[in-house]
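Q: Below is the file start_7.csv, which contains CSV, C-alpha atoms.
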```csv
chain,number,residue,atom,x,y,z
Y,29,MET,CA,373.5,89.5,-32.6
Y,30,ARG,CA,370.4,90.8,-30.9
Y,31,ARG,CA,368.7,91.3,-34.2
Y,32,LEU,CA,369.7,87.8,-35.3
Y,33,THR,CA,368.4,86.3,-32.1
Y,34,ILE,CA,365.1,88.1,-32.6
Y,35,ALA,CA,364.9,86.9,-36.2
Y,36,LEU,CA,365.5,83.3,-35.2
Y,37,LEU,CA,362.8,83.5,-32.5
Y,38,LEU,CA,360.4,84.9,-35.0
Y,39,VAL,CA,361.1,82.0,-37.4
Y,40,LEU,CA,360.7,79.5,-34.7
Y,41,GLY,CA,357.5,81.1,-33.5
Y,42,PHE,CA,356.1,81.0,-37.1
Y,43,ALA,CA,357.1,77.3,-37.4
Y,44,ALA,CA,355.5,76.4,-34.1
Y,45,ALA,CA,352.3,78.3,-35.1
Y,46,ALA,CA,352.3,76.4,-38.5
Y,47,ARG,CA,352.7,73.1,-36.6
Y,48,ALA,CA,349.8,74.0,-34.2
Y,49,ASP,CA,347.6,74.9,-37.2
Y,50,GLU,CA,348.3,71.5,-38.9
Y,51,THR,CA,345.3,69.2,-39.0
Y,52,ILE,CA,345.7,65.4,-39.1
Y,53,ARG,CA,342.7,63.3,-40.0
Y,54,ILE,CA,342.1,59.8,-38.6
Y,55,VAL,CA,339.6,58.0,-40.7
Y,56,VAL,CA,337.5,55.3,-39.0
Y,57,PRO,CA,336.0,52.8,-41.5
Y,58,PHE,CA,332.9,52.3,-39.3
Y,59,ALA,CA,330.0,54.3,-37.9
Y,60,ALA,CA,330.5,56.5,-34.9
Y,61,GLY,CA,329.9,54.9,-31.5
Y,62,GLY,CA,331.6,51.5,-32.0
Y,63,PRO,CA,334.8,50.3,-30.4
Y,64,VAL,CA,337.0,51.3,-33.3
Y,65,ASP,CA,335.6,54.8,-33.3
Y,66,ALA,CA,336.0,55.0,-29.6
Y,67,MET,CA,339.7,54.0,-29.8
Y,68,ALA,CA,340.3,56.4,-32.7
Y,69,ARG,CA,338.9,59.3,-30.6
Y,70,LEU,CA,341.1,58.5,-27.7
Y,71,LEU,CA,344.2,58.3,-30.0
Y,72,ALA,CA,343.3,61.6,-31.6
Y,73,ASN,CA,343.0,63.3,-28.3
Y,74,GLU,CA,346.2,61.9,-26.8
Y,75,MET,CA,348.3,62.3,-30.0
Y,76,GLN,CA,347.7,66.1,-30.3
Y,77,GLN,CA,350.3,67.1,-27.8
Y,78,PRO,CA,353.2,64.9,-28.9
Y,79,LEU,CA,352.5,65.9,-32.6
Y,80,GLY,CA,351.8,69.6,-31.8
Y,81,ALA,CA,348.9,69.4,-34.3
Y,82,ASN,CA,345.1,69.2,-34.3
Y,83,VAL,CA,344.0,65.6,-34.7
Y,84,ILE,CA,340.4,64.9,-35.8
Y,85,VAL,CA,338.3,61.8,-36.4
Y,86,ASP,CA,336.4,61.2,-39.7
Y,87,ASP,CA,333.9,58.3,-39.7
Y,88,ARG,CA,333.5,56.8,-43.2
Y,89,ALA,CA,331.4,53.6,-42.7
Y,90,GLY,CA,330.4,51.1,-45.4
Y,91,ALA,CA,331.1,47.8,-47.0
Y,92,GLY,CA,332.5,46.2,-43.9
Y,93,GLY,CA,335.2,48.9,-43.6
Y,94,VAL,CA,336.3,48.8,-47.2
Y,95,ILE,CA,335.0,52.4,-48.1
Y,96,GLY,CA,337.0,54.2,-45.4
Y,97,THR,CA,340.1,52.0,-45.9
Y,98,GLU,CA,340.1,52.6,-49.6
Y,99,LEU,CA,339.8,56.3,-49.0
Y,100,VAL,CA,343.0,56.3,-46.9
Y,101,SER,CA,344.8,54.1,-49.4
Y,102,ARG,CA,344.3,56.8,-52.1
Y,103,ALA,CA,345.3,59.7,-49.8
Y,104,ALA,CA,348.5,61.6,-50.2
Y,105,PRO,CA,351.2,59.9,-48.0
Y,106,ASP,CA,352.1,63.1,-46.2
Y,107,GLY,CA,351.1,62.0,-42.7
Y,108,ARG,CA,347.9,64.1,-42.7
Y,109,THR,CA,345.5,61.3,-43.4
Y,110,LEU,CA,345.6,58.1,-41.2
Y,111,LEU,CA,343.4,55.1,-40.6
Y,112,VAL,CA,342.4,53.3,-37.5
Y,113,GLY,CA,341.6,49.8,-38.7
Y,114,SER,CA,340.7,46.5,-37.1
Y,115,GLN,CA,341.4,42.9,-38.2
Y,116,GLY,CA,337.8,42.8,-39.4
Y,117,SER,CA,338.0,45.9,-41.6
Y,118,HIS,CA,341.6,45.6,-42.8
Y,119,VAL,CA,342.1,41.9,-43.3
Y,120,ILE,CA,338.8,40.0,-43.3
Y,121,SER,CA,336.9,42.4,-45.5
Y,122,ALA,CA,339.8,42.5,-47.9
Y,123,MET,CA,339.9,38.7,-48.2
Y,124,LEU,CA,336.2,38.7,-49.2
Y,125,ARG,CA,336.2,41.4,-51.9
Y,126,GLN,CA,337.0,40.4,-55.5
Y,127,ASP,CA,337.0,44.0,-56.7
Y,128,LEU,CA,339.2,45.4,-54.0
Y,129,LYS,CA,341.1,48.5,-55.2
Y,130,TYR,CA,343.9,48.3,-52.6
Y,131,ASP,CA,346.2,45.7,-51.0
Y,132,PRO,CA,345.9,45.4,-47.2
Y,133,VAL,CA,349.7,45.0,-47.0
Y,134,LYS,CA,351.2,46.9,-49.9
Y,135,SER,CA,348.9,49.9,-49.8
Y,136,PHE,CA,349.6,50.9,-46.2
Y,137,ALA,CA,352.4,51.7,-43.8
Y,138,PRO,CA,351.6,50.3,-40.3
Y,139,ILE,CA,352.3,52.9,-37.6
Y,140,ALA,CA,351.3,51.0,-34.3
Y,141,MET,CA,348.9,48.4,-33.1
Y,142,VAL,CA,347.0,49.5,-30.0
Y,143,GLY,CA,346.1,46.0,-28.9
Y,144,ARG,CA,344.3,42.8,-29.6
Y,145,VAL,CA,341.4,41.2,-27.9
Y,146,PRO,CA,339.8,37.7,-28.2
Y,147,MET,CA,336.1,37.7,-29.1
Y,148,LEU,CA,333.5,36.5,-26.6
Y,149,LEU,CA,330.4,34.4,-27.1
Y,150,VAL,CA,327.4,35.5,-25.2
Y,151,VAL,CA,323.7,34.5,-24.6
Y,152,SER,CA,320.7,36.0,-22.8
Y,153,PRO,CA,320.5,35.4,-19.1
Y,154,ASP,CA,317.6,33.0,-19.7
Y,155,PHE,CA,319.3,30.9,-22.3
Y,156,PRO,CA,318.7,27.2,-21.3
Y,157,ALA,CA,322.3,26.0,-21.6
Y,158,ALA,CA,324.5,26.8,-18.6
Y,159,ASP,CA,327.9,26.6,-20.4
Y,160,PHE,CA,329.5,26.0,-23.8
Y,161,LYS,CA,329.4,22.2,-23.6
Y,162,ALA,CA,325.7,22.3,-22.7
Y,163,MET,CA,325.1,24.7,-25.6
Y,164,VAL,CA,326.7,22.2,-28.0
Y,165,ALA,CA,324.5,19.4,-26.7
Y,166,LEU,CA,321.4,21.7,-27.1
Y,167,ALA,CA,322.4,22.6,-30.6
Y,168,ASN,CA,322.3,18.9,-31.5
Y,169,THR,CA,318.7,18.6,-30.4
Y,170,ARG,CA,317.1,21.9,-31.6
Y,171,LYS,CA,317.7,24.7,-34.1
Y,172,LEU,CA,319.8,27.6,-32.7
Y,173,THR,CA,320.7,30.9,-34.2
Y,174,TYR,CA,323.7,33.2,-33.9
Y,175,GLY,CA,323.9,36.9,-34.9
Y,176,SER,CA,326.5,38.9,-36.6
Y,177,ALA,CA,327.2,42.4,-37.9
Y,178,GLY,CA,326.7,41.1,-41.4
Y,179,PRO,CA,328.2,38.5,-43.8
Y,180,GLY,CA,331.9,38.4,-43.7
Y,181,SER,CA,332.2,40.2,-40.4
Y,182,THR,CA,334.5,38.8,-37.6
Y,183,MET,CA,331.3,37.9,-35.8
Y,184,ASN,CA,330.2,35.8,-38.8
Y,185,ILE,CA,333.6,34.1,-38.9
Y,186,ALA,CA,333.5,33.4,-35.1
Y,187,GLY,CA,330.0,31.8,-35.5
Y,188,GLU,CA,331.2,29.6,-38.4
Y,189,LEU,CA,334.3,28.6,-36.3
Y,190,VAL,CA,331.8,27.3,-33.7
Y,191,ASN,CA,329.9,25.4,-36.4
Y,192,ALA,CA,333.0,23.9,-37.9
Y,193,GLY,CA,334.8,23.1,-34.6
Y,194,ALA,CA,331.8,21.6,-32.8
Y,195,HIS,CA,330.2,20.0,-36.0
Y,196,LEU,CA,327.1,22.1,-35.6
Y,197,SER,CA,324.6,23.8,-37.9
Y,198,ILE,CA,323.7,26.9,-36.0
Y,199,THR,CA,321.9,29.3,-38.3
Y,200,HIS,CA,323.5,32.6,-39.1
Y,201,VAL,CA,321.3,35.7,-38.7
Y,202,PRO,CA,323.0,38.8,-40.1
Y,203,TYR,CA,322.3,42.3,-38.7
Y,204,ARG,CA,323.4,45.8,-39.7
Y,205,GLY,CA,325.6,45.9,-36.6
Y,206,ILE,CA,326.0,44.5,-33.1
Y,207,ALA,CA,323.9,47.3,-31.6
Y,208,VAL,CA,320.9,46.1,-33.6
Y,209,ALA,CA,321.5,42.4,-32.7
Y,210,LEU,CA,321.9,42.9,-28.9
Y,211,PRO,CA,318.2,43.7,-28.2
Y,212,ASP,CA,317.1,40.5,-30.0
Y,213,LEU,CA,319.6,38.5,-28.0
Y,214,MET,CA,318.5,40.0,-24.7
Y,215,ALA,CA,314.9,39.4,-25.6
Y,216,GLY,CA,315.5,35.8,-26.5
Y,217,ARG,CA,314.7,36.2,-30.2
Y,218,LEU,CA,318.4,35.3,-31.0
Y,219,ASP,CA,320.3,32.5,-29.2
Y,220,LEU,CA,324.0,33.3,-29.5
Y,221,LEU,CA,326.1,36.4,-30.3
Y,222,PRO,CA,329.9,36.6,-30.8
Y,223,GLY,CA,331.4,40.0,-30.2
Y,224,ASP,CA,334.3,42.2,-28.9
Y,225,PRO,CA,334.7,42.5,-25.1
Y,226,PRO,CA,334.8,46.3,-25.2
Y,227,VAL,CA,331.2,46.3,-26.3
Y,228,LEU,CA,329.9,43.3,-24.4
Y,229,LEU,CA,331.6,43.5,-21.0
Y,230,PRO,CA,329.5,46.4,-19.6
Y,231,LEU,CA,326.4,44.4,-20.5
Y,232,VAL,CA,327.8,41.3,-18.8
Y,233,ALA,CA,328.5,43.3,-15.7
Y,234,ALA,CA,324.9,44.6,-15.8
Y,235,LYS,CA,323.7,41.0,-16.0
Y,236,LYS,CA,321.9,41.8,-19.3
Y,237,ILE,CA,323.8,39.1,-21.1
Y,238,ARG,CA,325.8,36.0,-20.0
Y,239,PRO,CA,329.2,34.9,-21.4
Y,240,LEU,CA,329.7,31.3,-22.5
Y,241,VAL,CA,333.3,31.1,-23.8
Y,242,VAL,CA,336.3,33.2,-24.9
Y,243,PHE,CA,337.5,32.6,-28.5
Y,244,GLY,CA,341.2,32.0,-27.7
Y,245,GLY,CA,343.7,30.6,-25.3
Y,246,GLU,CA,343.8,33.3,-22.7
Y,247,ARG,CA,341.0,34.0,-20.2
Y,248,LEU,CA,339.7,37.6,-19.7
Y,249,ALA,CA,340.8,39.3,-16.5
Y,250,ALA,CA,337.2,40.6,-16.1
Y,251,LEU,CA,335.8,37.1,-16.5
Y,252,PRO,CA,338.2,34.7,-14.7
Y,253,ASP,CA,335.6,31.9,-14.5
Y,254,VAL,CA,334.7,31.9,-18.2
Y,255,PRO,CA,336.8,29.2,-20.1
Y,256,THR,CA,338.5,29.6,-23.4
Y,257,THR,CA,337.8,27.5,-26.6
Y,258,VAL,CA,341.3,26.2,-26.5
Y,259,GLU,CA,340.8,25.0,-22.9
Y,260,LEU,CA,337.7,23.2,-23.9
Y,261,GLY,CA,339.5,21.3,-26.7
Y,262,TYR,CA,338.9,23.5,-29.7
Y,263,PRO,CA,342.4,24.7,-30.7
Y,264,ASP,CA,341.2,26.1,-34.1
Y,265,MET,CA,338.2,27.9,-32.6
Y,266,VAL,CA,340.2,31.1,-32.1
Y,267,MET,CA,339.0,34.6,-33.2
Y,268,GLU,CA,340.4,37.9,-32.0
Y,269,ASN,CA,340.3,41.4,-33.2
Y,270,TRP,CA,342.9,44.1,-33.1
Y,271,TYR,CA,342.9,47.9,-33.4
Y,272,GLY,CA,345.8,49.7,-35.1
Y,273,LEU,CA,346.9,53.0,-36.8
Y,274,LEU,CA,348.1,53.0,-40.4
Y,275,ALA,CA,349.2,55.5,-43.0
Y,276,PRO,CA,349.1,55.4,-46.8
Y,277,ALA,CA,352.1,53.6,-48.3
Y,278,GLY,CA,354.9,55.8,-49.5
Y,279,ILE,CA,355.0,58.0,-46.4
Y,280,ALA,CA,358.4,59.4,-45.7
Y,281,PRO,CA,360.4,57.4,-43.1
Y,282,ASP,CA,360.9,60.4,-40.8
Y,283,MET,CA,357.2,61.2,-40.9
Y,284,ALA,CA,356.3,57.6,-40.2
Y,285,ALA,CA,358.7,57.6,-37.3
Y,286,ARG,CA,357.2,60.8,-35.9
Y,287,LEU,CA,353.7,59.3,-36.0
Y,288,GLU,CA,354.9,56.0,-34.5
Y,289,ALA,CA,356.5,57.8,-31.6
Y,290,ALA,CA,353.4,59.9,-31.0
Y,291,ALA,CA,351.1,56.9,-31.2
Y,292,LEU,CA,353.2,54.8,-28.8
Y,293,THR,CA,353.3,57.8,-26.4
Y,294,ALA,CA,349.5,58.2,-26.6
Y,295,ILE,CA,348.9,54.5,-26.0
Y,296,LYS,CA,350.9,54.8,-22.7
Y,297,SER,CA,348.7,57.6,-21.5
Y,298,PRO,CA,346.5,56.8,-18.5
Y,299,ARG,CA,343.3,57.3,-20.4
Y,300,ILE,CA,344.1,54.8,-23.1
Y,301,GLN,CA,345.7,52.4,-20.7
Y,302,GLN,CA,342.4,52.4,-18.7
Y,303,ALA,CA,340.4,51.9,-21.8
Y,304,MET,CA,342.5,49.0,-22.8
Y,305,LYS,CA,342.2,47.5,-19.4
Y,306,ASP,CA,338.4,47.9,-19.4
Y,307,GLY,CA,338.1,46.4,-22.9
Y,308,GLU,CA,340.7,43.7,-22.3
Y,309,LEU,CA,343.0,44.9,-25.1
Y,310,ARG,CA,346.6,43.7,-24.8
Y,311,GLY,CA,349.8,43.3,-26.9
Y,312,THR,CA,350.7,46.8,-28.2
Y,313,LEU,CA,353.1,46.6,-31.2
Y,314,ASP,CA,355.4,49.1,-32.8
Y,315,ALA,CA,355.4,49.6,-36.6
Y,316,LYS,CA,357.6,46.6,-37.4
Y,317,GLY,CA,355.6,44.3,-35.2
Y,318,PHE,CA,352.3,45.5,-36.5
Y,319,LYS,CA,353.4,45.0,-40.1
Y,320,ALA,CA,354.4,41.4,-39.3
Y,321,ARG,CA,351.0,40.8,-37.6
Y,322,ILE,CA,349.1,42.1,-40.7
Y,323,GLU,CA,351.2,39.9,-43.0
Y,324,HIS,CA,350.6,36.8,-40.8
Y,325,ASP,CA,346.8,37.5,-40.6
Y,326,VAL,CA,346.5,37.9,-44.4
Y,327,THR,CA,348.3,34.6,-45.0
Y,328,PHE,CA,346.3,32.8,-42.4
Y,329,TRP,CA,342.8,34.0,-43.1
Y,330,ARG,CA,342.8,33.8,-46.9
Y,331,PRO,CA,342.6,30.0,-47.0
Y,332,MET,CA,340.6,29.8,-43.7
Y,333,ILE,CA,337.8,31.9,-45.1
Y,334,LYS,CA,337.5,29.7,-48.1
Y,335,GLN,CA,337.5,26.6,-45.9
Y,336,LEU,CA,334.7,28.0,-43.8
Y,337,GLY,CA,332.7,28.8,-47.0
Y,338,ILE,CA,332.1,32.5,-46.0
Y,339,SER,CA,331.3,35.1,-48.6
Y,340,MET,CA,329.8,38.6,-48.6
Y,341,ALA,CA,326.6,37.1,-50.1
Y,342,ASP,CA,325.9,34.7,-47.2
```
Turn the structure described in the file into structure tokens.
A:
Amino acid sequence: MRRLTIALLLVLGFAAAARADETIRIVVPFAAGGPVDAMARLLANEMQQPLGANVIVDDRAGAGGVIGTELVSRAAPDGRTLLVGSQGSHVISAMLRQDLKYDPVKSFAPIAMVGRVPMLLVVSPDFPAADFKAMVALANTRKLTYGSAGPGSTMNIAGELVNAGAHLSITHVPYRGIAVALPDLMAGRLDLLPGDPPVLLPLVAAKKIRPLVVFGGERLAALPDVPTTVELGYPDMVMENWYGLLAPAGIAPDMAARLEAAALTAIKSPRIQQAMKDGELRGTLDAKGFKARIEHDVTFWRPMIKQLGISMAD
């Protein structure tokens, strides 16, 4: 019996060591330093303990998120390669590509959605319009510009929602990313910039930029005095982003359940909860809820993008 006990302990020890040596890669379809990358790194750190594995982040930027997303769609569904996607990379970019080699719904198994956040429209502190209504009036008297992270980005869509909803013709100025657009906005060379609160709120707090409106129906806790587009009478001027963890389709149910449990545990950690609070993310979803959200977004945005006339060539 003593020998059997020792043998069992050795087997369990080898199994634990094998698990500790396991490496799980989380692919981020954007460059390092952005909000998706930041969330992926938090998840990687917090998921290591519940998974008993090393979790690393691999940034694979390009084509609005398509390159990294396609990489994961082709990976073995063994739970060792995952994706942290956003609505912009996973849904919007997919709707704009004619040569897409994966399906945003069928090619992936949703694991968990960290949260969603409405976009924010900001201007420089010296912008002549005090609020959104005044901006609309100003846009009817002179040429204004808005920046984005490129054609087909969520920022581009938010800008065109403003044009369509308020019957304006604000000129789109594409940049290689929001980090490149922000200096032009703060210097007054660019008039308007839609973006995600996790990136913009620190600059608002530092009074380097000024918020005009929230693209949605819920005000931001950090900006209780900034109205929403829905409040101002624009019910269709709604644009939010989400961040979520996905695996390649075909992953074994027990492995998917293990990853889902680890992700939900990680999201409840103090570090991620604080990051969500700071960035105004809300509405965590389990695998089933996340899958329904993706399916809804694909159905909604496919005709909406055509209606807005947005293409990658804009």
Q: Just checking: using all atoms listed in the file, which residue out of Y:Asp325, Y:Gly205, Y:Pro132, Y:Val164 ends up closest to Ala60 in chain Y?
A: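 Closest to Ala60 in chain Y of all the choices is Y:Gly205.
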Q: Find the residues near Ala194 in chain Y: any atom within 10 Å, counting all atoms listed in the file, skip ones fewer than 6 places away on the same chain, and give them as a list in words.
A: Lys161, Val164, Ala165, Ala167, Asn168, Glu188, Gly261, Tyr262 and Met265 of chain Y
Q: From the set Y:Ala207, Y:Ala68, Y:Leu240, Y:Val85, which residue has the shortest atom-to-atom contact distance to Arg53 in chain Y, counting only C-alpha atoms?
A: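 Checking each candidate against Arg53 in chain Y, we get Y:Val85 as the closest.
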Q: Can you tell me, as a list in words, what residues are no more than 6 Å from Ala294 in chain Y when counting all atoms listed in the file, ignoring any on the same chain fewer than 2 positions away?
A: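 Close residues of Ala294 in chain Y: Glu74, Met75, Ala291, Leu292, Lys296 and Ser297 of chain Y.
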Q: What is the CA of Glu50 in chain Y-CA of Val100 in chain Y distance in Å, reported with one decimal?
A: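 About the pair CA of Glu50 in chain Y and CA of Val100 in chain Y: they are 18.0 Å apart.
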Q: Would you mind reading off the distance between CA of Asn73 in chain Y and CA of Pro281 in chain Y, one decimal, in Å?
A: 23.6 Å
Q: List the neighbours of Ala89 in chain Y out to 7 Å using all atoms listed in the file; skip same-chain residues closer than 4 positions along the sequence, and give me the result as an NGL selection string.
A: :Y and (57-59 or 93 or 95-96)
Q: Go ahead and compute the interatomic distance for CA of Val151 in chain Y and CA of Leu172 in chain Y, in Å to one decimal.
A: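 Interatomic distance, CA of Val151 in chain Y to CA of Leu172 in chain Y: 11.3 Å.
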Q: For a cutoff of 6 Å around the file-coordinate point (339.8, 36.9, -30.4), which residues qualify once you count all atoms listed in the file? I'd like the result as a PyMOL selection string.
A: chain Y and resi 145-147+243-244+267-269
Q: Please, could N, CA and C atoms be added to range 230-245 of chain Y and the result written as a short mmCIF file (atom, residue, chain, number, x, y, z; two decimals), in the coordinates of the input?
A:
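Output contents, as saved in part26.cif:
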```
data_model
loop_
_atom_site.label_atom_id
_atom_site.label_comp_id
_atom_site.auth_asym_id
_atom_site.auth_seq_id
_atom_site.Cartn_x
_atom_site.Cartn_y
_atom_site.Cartn_z
N PRO Y 230 330.41 45.62 -20.49
CA PRO Y 230 329.50 46.40 -19.60
C PRO Y 230 328.13 45.74 -19.50
N LEU Y 231 327.65 45.09 -20.55
CA LEU Y 231 326.40 44.40 -20.50
C LEU Y 231 326.44 43.14 -19.66
N VAL Y 232 327.60 42.48 -19.69
CA VAL Y 232 327.80 41.30 -18.80
C VAL Y 232 327.79 41.74 -17.37
N ALA Y 233 328.49 42.84 -17.07
CA ALA Y 233 328.50 43.30 -15.70
C ALA Y 233 327.15 43.74 -15.20
N ALA Y 234 326.30 44.24 -16.12
CA ALA Y 234 324.90 44.60 -15.80
C ALA Y 234 323.98 43.44 -15.74
N LYS Y 235 324.52 42.24 -16.03
CA LYS Y 235 323.70 41.00 -16.00
C LYS Y 235 322.61 41.01 -17.09
N LYS Y 236 322.84 41.78 -18.17
CA LYS Y 236 321.90 41.80 -19.30
C LYS Y 236 322.16 40.70 -20.28
N ILE Y 237 323.40 40.22 -20.30
CA ILE Y 237 323.80 39.10 -21.10
C ILE Y 237 324.72 38.21 -20.31
N ARG Y 238 324.94 36.97 -20.79
CA ARG Y 238 325.80 36.00 -20.00
C ARG Y 238 326.84 35.44 -20.96
N PRO Y 239 328.11 35.41 -20.51
CA PRO Y 239 329.20 34.90 -21.40
C PRO Y 239 329.26 33.35 -21.28
N LEU Y 240 329.56 32.72 -22.43
CA LEU Y 240 329.70 31.30 -22.50
C LEU Y 240 331.19 30.85 -22.64
N VAL Y 241 331.91 31.55 -23.54
CA VAL Y 241 333.30 31.10 -23.80
C VAL Y 241 334.05 32.26 -24.47
N VAL Y 242 335.37 32.24 -24.29
CA VAL Y 242 336.30 33.20 -24.90
C VAL Y 242 336.93 32.51 -26.11
N PHE Y 243 336.93 33.17 -27.27
CA PHE Y 243 337.50 32.60 -28.50
C PHE Y 243 339.03 32.74 -28.50
N GLY Y 244 339.73 31.91 -27.76
CA GLY Y 244 341.20 32.00 -27.70
C GLY Y 244 341.80 31.09 -26.71
N GLY Y 245 343.02 31.43 -26.30
CA GLY Y 245 343.70 30.60 -25.30
C GLY Y 245 343.95 31.29 -24.00
#
```
